[in-house]
Amino acid sequence: MSMQSAFSAALLDLRLPCPAGLCSSNGADPASRFAVYRNNVQNSLINALTDGYPVVAQLVGEEFFRAMAAIFVQQQPPQSPLMSRYGEAFADFIDAFEPASSVPYLADVARLEHLRTQAYHAADAGPVRPEQITAALAAPQGLSDLCFTLHPSLHLLHSAYAVVAIWAAHQQQPSLEGIEIHQAQHALILRNGLEVEVYAIDHGASVFIRHLINGQPLLAAAENSPEFDLSQTLALLIARNVITHLNNKVTP
Amino acid sequence: MFTPDDPALPRTQAALTGLPPRAGLGLKTGHFREVLDTRPDIGFFEVHAENYMVAGGPFHHFLGLIREQYPLSLHGVGLSIGSEGPLDTQHLQRLAELIERYQPHSFSEHLAWSSHGPVFLNDLLPLAYDEPTLNRVCAHIDQVQNTLKRPMLLENPATYLAFQHSTYDEPDFIHEVIRRSGCGLLLDVNNVYVSCVNHHRDPLAYLDALPLHAVGEIHLAGFAEDSDNLGDRLLIDDHGAPIDRAVWALYWQTLDRIGPMATLIERDNQVPSFNTLLAEAQQADEMLLCAGSRP
């Protein structure tokens, strides 16, 4: 095994001994110095998760969070030097993490926090002016073919829990008082200008937006969705600068 | 802009850096708005390249605005130049795109490794100073400089242990890398101090053994105190504290040897208010001014 293979394995697996071939000028045990690198690696990765998942950390407390993150770090270290991407699999890990099973909504809160990070760094795209959208909606010709391109930061999350309410309750004074935890919620995550915003929308609106993202024309997307308030949903998408392109799909 | 003919710098150093011989600060996301609102008198800003390898959003928005007003140093922390395996060409391509977009005055990376195979370890790990490592590091630097079409600066490391089979002294190894590859030296004075304390060396002798003619930028930072199993002082380069007096003193000795040189105040942990960092930058600026006015 090469030096860096042994070094790297022992950095991540705390059960492994300090690699051979290391020394110190004062004759100190190399293990006591190797420990510095081990701590740096472990702590920097755990800190990256703490930064990315602040509400998850609040929900379970710092000590529990760090212990959980340490196991994740050892099992799934980063596969890229781009740390903004690290932790994509953290929510799925939490889902399967037995000691956290008493907080059943924890994984969905992690999913929401990860989507917020993705929205924050997503590509930029300018909105279509509201007058243009109004004009396109008022034009009888082409309305049935009208398609919207939505902002690259837009994400949807369906949760069996009140994930938006739980997340929002932790933005200031953390408290779950008054929240019906088991009330399913549909989250809409987007970046409006420089700010990431999170909304709870109803099931029909969520399905409708999903159809739009998949390229369905406006009218078809509305018809293929459970009952929802179309004008209110469109008003939200326009007001939050989500519609970045209009086009009339040519029907084959 | 890149100004290789700046008469204020000796020719060899001018070719390695376009940064002005002033103090600069690491640009922190929490300070974006304050920098734009107050336009502080700072020589340059430095950013970690990897943080800006994202598609869009606030990071690019603010860096674009700040870049219009200040010189920029791009500092990589993820290229893993000392890796036993090949360089990540995708990552190198991302660097080339970032350099194309922001036209930084300087690009630097570390004499260290941070990836092994597909795994990124998010730390700057130590190298054995032997012939195979020397050949590998020089080949990787060649690849970087050829891809980026510009010289890079290589930062001297802070280390906590050594390798039994090393055949070079650290400063000699750095000397040889710089001679062979033609890259410049990012002289991290805090790293010099930390490594010398950890390896029981004389910092001034270490400094004098480095290729000081090739310095293109200086880094200053704070360290944390620990101890090894013998109870000896073990300093950790954590960028989480104000610059230590011993490091300021070594910085002065450095300026005495090389003259004024772009100097970054690094702080990545326990980041204080912008004004606190600005005060450290002003202290460095005063020393740079003194160094520049000496005969």
# chains A, B, ... in the order shown; residues from 1 in each chain; ligands from 1

$ closest_atom_pairs --of "chain A" --to "chain B" --cutoff "9 Å" --atoms "only C-alpha atoms" --output "JSON lines"
{"residue": "A:Ser2", "atom": "CA", "partner": "B:Glu84", "partner_atom": "CA", "distance": 8.4}
{"residue": "A:Met3", "atom": "CA", "partner": "B:Glu84", "partner_atom": "CA", "distance": 8.8}
{"residue": "A:Gln4", "atom": "CA", "partner": "B:His116", "partner_atom": "CA", "distance": 6.9}
{"residue": "A:Ser5", "atom": "CA", "partner": "B:His116", "partner_atom": "CA", "distance": 7.0}
{"residue": "A:Ser8", "atom": "CA", "partner": "B:His116", "partner_atom": "CA", "distance": 6.8}
{"residue": "A:Leu11", "atom": "CA", "partner": "B:Leu121", "partner_atom": "CA", "distance": 8.4}
{"residue": "A:Leu12", "atom": "CA", "partner": "B:Leu121", "partner_atom": "CA", "distance": 8.5}
{"residue": "A:Gly21", "atom": "CA", "partner": "B:Gln164", "partner_atom": "CA", "distance": 5.4}
{"residue": "A:Leu22", "atom": "CA", "partner": "B:Phe163", "partner_atom": "CA", "distance": 4.6}
{"residue": "A:Cys23", "atom": "CA", "partner": "B:Ala162", "partner_atom": "CA", "distance": 5.2}
{"residue": "A:Ser24", "atom": "CA", "partner": "B:Leu161", "partner_atom": "CA", "distance": 5.3}
{"residue": "A:Ser25", "atom": "CA", "partner": "B:His199", "partner_atom": "CA", "distance": 5.4}
{"residue": "A:Asn26", "atom": "CA", "partner": "B:His199", "partner_atom": "CA", "distance": 7.3}
{"residue": "A:Gly27", "atom": "CA", "partner": "B:Leu230", "partner_atom": "CA", "distance": 8.4}
{"residue": "A:Ala28", "atom": "CA", "partner": "B:Leu230", "partner_atom": "CA", "distance": 5.8}
{"residue": "A:Asp29", "atom": "CA", "partner": "B:Asn229", "partner_atom": "CA", "distance": 6.5}
{"residue": "A:Pro30", "atom": "CA", "partner": "B:Leu161", "partner_atom": "CA", "distance": 6.8}
{"residue": "A:Ala31", "atom": "CA", "partner": "B:Asn229", "partner_atom": "CA", "distance": 8.8}
{"residue": "A:Ser32", "atom": "CA", "partner": "B:Asp228", "partner_atom": "CA", "distance": 5.5}
{"residue": "A:Arg33", "atom": "CA", "partner": "B:Tyr160", "partner_atom": "CA", "distance": 5.8}
{"residue": "A:Phe34", "atom": "CA", "partner": "B:Leu161", "partner_atom": "CA", "distance": 7.1}
{"residue": "A:Val36", "atom": "CA", "partner": "B:Tyr160", "partner_atom": "CA", "distance": 7.3}
{"residue": "A:Tyr37", "atom": "CA", "partner": "B:Leu125", "partner_atom": "CA", "distance": 7.4}
{"residue": "A:Asn40", "atom": "CA", "partner": "B:Asp123", "partner_atom": "CA", "distance": 6.7}
{"residue": "A:Val41", "atom": "CA", "partner": "B:Asp123", "partner_atom": "CA", "distance": 5.8}
{"residue": "A:Gln42", "atom": "CA", "partner": "B:Leu121", "partner_atom": "CA", "distance": 8.7}
{"residue": "A:Ser44", "atom": "CA", "partner": "B:Asn122", "partner_atom": "CA", "distance": 6.9}
{"residue": "A:Leu45", "atom": "CA", "partner": "B:Asn122", "partner_atom": "CA", "distance": 7.1}
{"residue": "A:Pro77", "atom": "CA", "partner": "B:Val119", "partner_atom": "CA", "distance": 6.4}
{"residue": "A:Pro78", "atom": "CA", "partner": "B:Phe120", "partner_atom": "CA", "distance": 5.3}
{"residue": "A:Gln79", "atom": "CA", "partner": "B:Val119", "partner_atom": "CA", "distance": 4.7}
{"residue": "A:Ser80", "atom": "CA", "partner": "B:Phe120", "partner_atom": "CA", "distance": 5.7}
{"residue": "A:Pro81", "atom": "CA", "partner": "B:Gly78", "partner_atom": "CA", "distance": 5.3}
{"residue": "A:Leu82", "atom": "CA", "partner": "B:Glu50", "partner_atom": "CA", "distance": 5.7}
{"residue": "A:Met83", "atom": "CA", "partner": "B:Asn51", "partner_atom": "CA", "distance": 7.6}
{"residue": "A:Ser84", "atom": "CA", "partner": "B:Asn51", "partner_atom": "CA", "distance": 7.3}
{"residue": "A:Ala119", "atom": "CA", "partner": "B:Gly57", "partner_atom": "CA", "distance": 8.2}
{"residue": "A:Tyr120", "atom": "CA", "partner": "B:Gly57", "partner_atom": "CA", "distance": 5.8}
{"residue": "A:His121", "atom": "CA", "partner": "B:Gly57", "partner_atom": "CA", "distance": 4.9}
{"residue": "A:Ala122", "atom": "CA", "partner": "B:Gly56", "partner_atom": "CA", "distance": 5.2}
{"residue": "A:Ala123", "atom": "CA", "partner": "B:Gly56", "partner_atom": "CA", "distance": 4.1}
{"residue": "A:Asp124", "atom": "CA", "partner": "B:Gly56", "partner_atom": "CA", "distance": 5.1}
{"residue": "A:Ala125", "atom": "CA", "partner": "B:Gly56", "partner_atom": "CA", "distance": 8.9}
{"residue": "A:Arg191", "atom": "CA", "partner": "B:Gly57", "partner_atom": "CA", "distance": 8.2}
{"residue": "A:Gly193", "atom": "CA", "partner": "B:Gly57", "partner_atom": "CA", "distance": 8.0}
{"residue": "A:Leu194", "atom": "CA", "partner": "B:Pro58", "partner_atom": "CA", "distance": 5.5}
{"residue": "A:Glu195", "atom": "CA", "partner": "B:Pro58", "partner_atom": "CA", "distance": 8.3}

$ write_last_selection --atoms "N, CA and C atoms" --output "CSV table (one decimal), in the first residue's frame"
chain,number,residue,atom,x,y,z
A,2,SER,N,0.5,2.2,-0.8
A,2,SER,CA,1.3,3.4,-0.9
A,2,SER,C,1.2,4.3,0.4
A,3,MET,N,2.1,5.2,0.6
A,3,MET,CA,2.1,6.0,1.8
A,3,MET,C,0.8,6.8,1.9
A,4,GLN,N,0.3,7.4,0.8
A,4,GLN,CA,-0.9,8.2,0.8
A,4,GLN,C,-2.1,7.3,1.0
A,5,SER,N,-2.1,6.1,0.5
A,5,SER,CA,-3.2,5.2,0.8
A,5,SER,C,-3.3,4.9,2.3
A,8,SER,N,-4.3,8.2,4.2
A,8,SER,CA,-5.7,8.5,3.9
A,8,SER,C,-6.7,7.6,4.7
A,11,LEU,N,-6.7,8.4,8.3
A,11,LEU,CA,-7.3,9.6,8.7
A,11,LEU,C,-8.8,9.4,8.9
A,12,LEU,N,-9.4,8.6,8.1
A,12,LEU,CA,-10.8,8.4,8.1
A,12,LEU,C,-11.3,7.3,9.0
A,21,GLY,N,6.4,4.7,9.1
A,21,GLY,CA,7.3,5.5,8.3
A,21,GLY,C,7.3,7.0,8.7
A,22,LEU,N,6.5,7.4,9.7
A,22,LEU,CA,6.5,8.8,10.2
A,22,LEU,C,7.4,9.0,11.3
A,23,CYS,N,7.8,10.2,11.5
A,23,CYS,CA,8.7,10.5,12.6
A,23,CYS,C,8.6,12.0,13.1
A,24,SER,N,9.2,12.3,14.2
A,24,SER,CA,9.2,13.7,14.7
A,24,SER,C,10.6,14.0,15.2
A,25,SER,N,11.0,15.3,15.1
A,25,SER,CA,12.4,15.6,15.4
A,25,SER,C,12.7,15.5,16.8
A,26,ASN,N,11.7,15.6,17.7
A,26,ASN,CA,12.0,15.5,19.2
A,26,ASN,C,11.8,14.1,19.7
A,27,GLY,N,11.5,13.1,18.8
A,27,GLY,CA,11.3,11.7,19.2
A,27,GLY,C,9.9,11.5,19.8
A,28,ALA,N,9.0,12.5,19.7
A,28,ALA,CA,7.7,12.2,20.2
A,28,ALA,C,7.0,11.1,19.4
A,29,ASP,N,6.0,10.5,20.0
A,29,ASP,CA,5.3,9.4,19.3
A,29,ASP,C,4.6,10.0,18.0
A,30,PRO,N,4.9,9.5,16.8
A,30,PRO,CA,4.3,10.1,15.6
A,30,PRO,C,2.8,10.1,15.7
A,31,ALA,N,2.2,9.1,16.5
A,31,ALA,CA,0.8,9.0,16.6
A,31,ALA,C,0.2,10.3,17.2
A,32,SER,N,0.9,10.9,18.2
A,32,SER,CA,0.4,12.1,18.8
A,32,SER,C,0.4,13.2,17.9
A,33,ARG,N,1.2,13.2,16.8
A,33,ARG,CA,1.2,14.2,15.8
A,33,ARG,C,0.3,13.9,14.6
A,34,PHE,N,0.2,12.6,14.3
A,34,PHE,CA,-0.7,12.2,13.3
A,34,PHE,C,-2.2,12.6,13.7
A,36,VAL,N,-3.2,15.2,14.9
A,36,VAL,CA,-3.5,16.6,14.5
A,36,VAL,C,-4.2,16.5,13.2
A,37,TYR,N,-3.6,15.8,12.2
A,37,TYR,CA,-4.3,15.6,10.9
A,37,TYR,C,-5.6,15.0,11.0
A,40,ASN,N,-8.0,17.5,12.2
A,40,ASN,CA,-8.3,18.5,11.2
A,40,ASN,C,-9.3,18.0,10.2
A,41,VAL,N,-9.1,16.7,9.7
A,41,VAL,CA,-9.9,16.2,8.7
A,41,VAL,C,-11.3,15.9,9.2
A,42,GLN,N,-11.4,15.2,10.4
A,42,GLN,CA,-12.7,14.9,10.9
A,42,GLN,C,-13.5,16.2,11.2
A,44,SER,N,-13.1,19.4,10.1
A,44,SER,CA,-13.4,20.2,9.0
A,44,SER,C,-14.6,19.7,8.3
A,45,LEU,N,-14.7,18.3,8.2
A,45,LEU,CA,-15.8,17.7,7.5
A,45,LEU,C,-17.1,17.8,8.3
A,77,PRO,N,-17.0,10.0,2.9
A,77,PRO,CA,-16.2,11.2,2.8
A,77,PRO,C,-16.5,11.9,1.5
A,78,PRO,N,-16.1,13.2,1.3
A,78,PRO,CA,-16.4,13.9,0.1
A,78,PRO,C,-15.7,13.2,-1.1
A,79,GLN,N,-16.3,13.3,-2.2
A,79,GLN,CA,-15.8,12.7,-3.5
A,79,GLN,C,-15.3,13.9,-4.4
A,80,SER,N,-15.3,15.1,-3.9
A,80,SER,CA,-15.0,16.2,-4.8
A,80,SER,C,-14.4,17.3,-3.9
A,81,PRO,N,-13.5,18.1,-4.4
A,81,PRO,CA,-13.0,19.3,-3.6
A,81,PRO,C,-14.0,20.4,-3.5
A,82,LEU,N,-15.1,20.3,-4.1
A,82,LEU,CA,-16.1,21.3,-4.0
A,82,LEU,C,-17.0,21.0,-2.8
A,83,MET,N,-16.7,21.7,-1.7
A,83,MET,CA,-17.4,21.3,-0.4
A,83,MET,C,-18.8,21.8,-0.4
A,84,SER,N,-19.2,22.7,-1.3
A,84,SER,CA,-20.6,23.1,-1.3
A,84,SER,C,-21.5,22.0,-1.7
A,119,ALA,N,-30.2,25.9,-4.2
A,119,ALA,CA,-30.8,27.1,-4.7
A,119,ALA,C,-29.9,28.3,-4.6
A,120,TYR,N,-29.2,28.4,-3.5
A,120,TYR,CA,-28.3,29.6,-3.2
A,120,TYR,C,-27.2,29.7,-4.3
A,121,HIS,N,-26.7,28.5,-4.7
A,121,HIS,CA,-25.6,28.5,-5.7
A,121,HIS,C,-26.0,28.2,-7.1
A,122,ALA,N,-27.3,28.1,-7.4
A,122,ALA,CA,-27.8,27.7,-8.7
A,122,ALA,C,-27.5,28.8,-9.7
A,123,ALA,N,-27.5,28.5,-11.0
A,123,ALA,CA,-27.2,29.4,-12.1
A,123,ALA,C,-28.2,30.6,-12.0
A,124,ASP,N,-27.7,31.8,-12.5
A,124,ASP,CA,-28.5,33.0,-12.5
A,124,ASP,C,-29.4,33.0,-13.8
A,125,ALA,N,-30.5,33.5,-13.7
A,125,ALA,CA,-31.4,33.7,-14.9
A,125,ALA,C,-32.4,34.8,-14.6
A,191,ARG,N,-34.6,30.8,-5.4
A,191,ARG,CA,-33.8,32.0,-5.1
A,191,ARG,C,-34.4,33.2,-5.9
A,193,GLY,N,-33.7,36.9,-6.8
A,193,GLY,CA,-32.5,37.8,-6.6
A,193,GLY,C,-31.4,37.1,-5.9
A,194,LEU,N,-31.0,37.6,-4.7
A,194,LEU,CA,-29.9,37.0,-4.0
A,194,LEU,C,-30.4,36.2,-2.8
A,195,GLU,N,-31.8,36.2,-2.5
A,195,GLU,CA,-32.3,35.6,-1.3
A,195,GLU,C,-33.0,34.2,-1.7

$ residues_around --residues "A:Pro217" --least-positions-apart "4" --cutoff "9 Å" --atoms "only C-alpha atoms" --output "ChimeraX atom specification"
/A:143-148,211-212,221-222,248-249

$ write_last_selection --atoms "N, CA and C atoms" --output "compact mmCIF listing (two decimals), in the first residue's frame"
# COMPACT_ATOMS: atom_id res chain seq x y z
N LEU A 143 -52.21 30.08 -26.60
CA LEU A 143 -52.27 29.87 -25.15
C LEU A 143 -52.13 28.38 -24.79
N SER A 144 -52.72 27.53 -25.63
CA SER A 144 -52.67 26.11 -25.27
C SER A 144 -51.27 25.52 -25.41
N ASP A 145 -50.42 26.24 -26.19
CA ASP A 145 -49.05 25.75 -26.36
C ASP A 145 -48.05 26.46 -25.46
N LEU A 146 -48.54 27.43 -24.70
CA LEU A 146 -47.61 28.28 -23.93
C LEU A 146 -46.87 27.48 -22.86
N CYS A 147 -45.54 27.55 -22.92
CA CYS A 147 -44.70 26.86 -21.93
C CYS A 147 -43.89 27.89 -21.15
N PHE A 148 -43.59 27.57 -19.92
CA PHE A 148 -42.74 28.42 -19.09
C PHE A 148 -41.41 27.70 -18.83
N HIS A 211 -45.07 19.65 -13.25
CA HIS A 211 -45.37 19.49 -14.68
C HIS A 211 -44.71 20.59 -15.51
N LEU A 212 -44.73 21.82 -14.99
CA LEU A 212 -44.09 22.92 -15.72
C LEU A 212 -42.59 22.68 -15.86
N ALA A 221 -50.50 21.36 -17.94
CA ALA A 221 -49.99 21.19 -16.58
C ALA A 221 -51.10 21.44 -15.57
N ALA A 222 -51.93 22.45 -15.83
CA ALA A 222 -53.03 22.77 -14.91
C ALA A 222 -54.08 21.66 -14.93
N ASN A 248 -43.74 29.14 -27.11
CA ASN A 248 -44.90 28.41 -27.59
C ASN A 248 -44.42 27.13 -28.25
N LYS A 249 -44.66 26.07 -27.56
CA LYS A 249 -44.24 24.76 -28.07
C LYS A 249 -45.01 24.46 -29.35

$ residues_around --residues "stretch 280-289 of chain B" --least-positions-apart "6" --cutoff "9 Å" --atoms "only C-alpha atoms" --output "number ranges by chain"
B: 21-25, 42-43, 242-243, 248, 251-252, 255, 259-265

$ write_last_selection --atoms "N, CA and C atoms" --output "CSV table (one decimal), in the first residue's frame"
chain,number,residue,atom,x,y,z
B,21,PRO,N,2.3,45.8,-3.6
B,21,PRO,CA,3.1,45.5,-2.4
B,21,PRO,C,2.4,46.1,-1.1
B,22,ARG,N,1.2,45.6,-0.9
B,22,ARG,CA,0.4,46.1,0.2
B,22,ARG,C,-0.3,45.0,0.9
B,23,ALA,N,-1.0,45.3,2.1
B,23,ALA,CA,-1.7,44.3,2.8
B,23,ALA,C,-3.1,44.0,2.1
B,24,GLY,N,-3.5,42.8,2.1
B,24,GLY,CA,-4.8,42.3,1.6
B,24,GLY,C,-5.5,41.5,2.6
B,25,LEU,N,-6.8,41.3,2.4
B,25,LEU,CA,-7.6,40.5,3.3
B,25,LEU,C,-8.3,39.3,2.6
B,42,ILE,N,-7.8,48.8,1.0
B,42,ILE,CA,-7.1,47.5,1.2
B,42,ILE,C,-6.4,47.3,-0.2
B,43,GLY,N,-5.2,46.7,-0.1
B,43,GLY,CA,-4.4,46.5,-1.3
B,43,GLY,C,-5.0,45.5,-2.2
B,242,PRO,N,-5.7,36.0,16.1
B,242,PRO,CA,-4.9,37.1,15.6
B,242,PRO,C,-3.4,36.6,15.4
B,243,ILE,N,-2.7,37.4,14.6
B,243,ILE,CA,-1.3,37.0,14.3
B,243,ILE,C,-0.5,37.1,15.5
B,248,TRP,N,4.7,38.3,13.7
B,248,TRP,CA,5.0,39.7,13.3
B,248,TRP,C,6.5,39.9,13.2
B,251,TYR,N,7.9,38.3,10.2
B,251,TYR,CA,7.5,39.0,9.0
B,251,TYR,C,8.4,40.2,8.8
B,252,TRP,N,8.7,40.9,9.9
B,252,TRP,CA,9.6,42.1,9.8
B,252,TRP,C,11.0,41.6,9.2
B,255,LEU,N,10.6,41.1,5.5
B,255,LEU,CA,10.6,42.3,4.7
B,255,LEU,C,12.0,42.9,4.6
B,259,GLY,N,12.2,43.2,0.9
B,259,GLY,CA,11.5,44.4,0.6
B,259,GLY,C,10.0,44.3,0.6
B,260,PRO,N,9.2,45.4,0.3
B,260,PRO,CA,7.8,45.3,0.4
B,260,PRO,C,7.2,44.2,-0.5
B,261,MET,N,6.2,43.5,-0.1
B,261,MET,CA,5.6,42.4,-0.9
B,261,MET,C,4.1,42.2,-0.5
B,262,ALA,N,3.3,42.0,-1.4
B,262,ALA,CA,1.9,41.8,-1.2
B,262,ALA,C,1.7,40.8,0.0
B,263,THR,N,0.9,41.2,1.0
B,263,THR,CA,0.8,40.4,2.2
B,263,THR,C,-0.6,40.2,2.6
B,264,LEU,N,-1.0,38.9,2.7
B,264,LEU,CA,-2.4,38.6,3.0
B,264,LEU,C,-2.6,38.3,4.5
B,265,ILE,N,-3.6,38.9,5.1
B,265,ILE,CA,-4.0,38.5,6.5
B,265,ILE,C,-5.1,37.4,6.3

$ residues_around --residues "A:Arg116" --least-positions-apart "2" --cutoff "9 Å" --atoms "only C-alpha atoms" --output "ChimeraX atom specification"
/A:111-114,118-121,153,155,189-191,196-198

$ select_by_dssp --residues "stretch 49-221 of chain B" --states "strand (DSSP E)" --output "PyMOL selection string"
chain B and resi 72-75+106-110+113-116+119-125+153-155+162-163+184-188+215-220

$ closest_residue --among "A:Asn47, A:Gln232, A:Thr134, A:Gln183" --to "B:Asn269" --atoms "only C-alpha atoms"
A:Asn47

$ closest_residue --among "B:Pro157, B:Pro171, B:Gly216, B:Pro40" --to "B:Gly18" --atoms "only C-alpha atoms"
B:Gly216

$ atom_distance --atom1 "atom CA of B:Ala224" --atom2 "atom CA of B:Leu250"
17.4 Å

$ closest_residue --among "B:Val47, B:Leu95, B:Ile174, B:Ile141" --to "B:Arg267" --atoms "only C-alpha atoms"
B:Val47

$ select_by_dssp --residues "stretch 9-250 of chain A" --states "helix (DSSP H, G or I)" --output "PyMOL selection string"
chain A and resi 9-12+30-52+54-60+62-75+83-85+90-96+98-100+106-121+130-138+143-145+163-169+203-213+218-223+230-239

$ atom_distance --atom1 "atom CA of B:Arg136" --atom2 "atom CA of B:Ala214"
20.5 Å
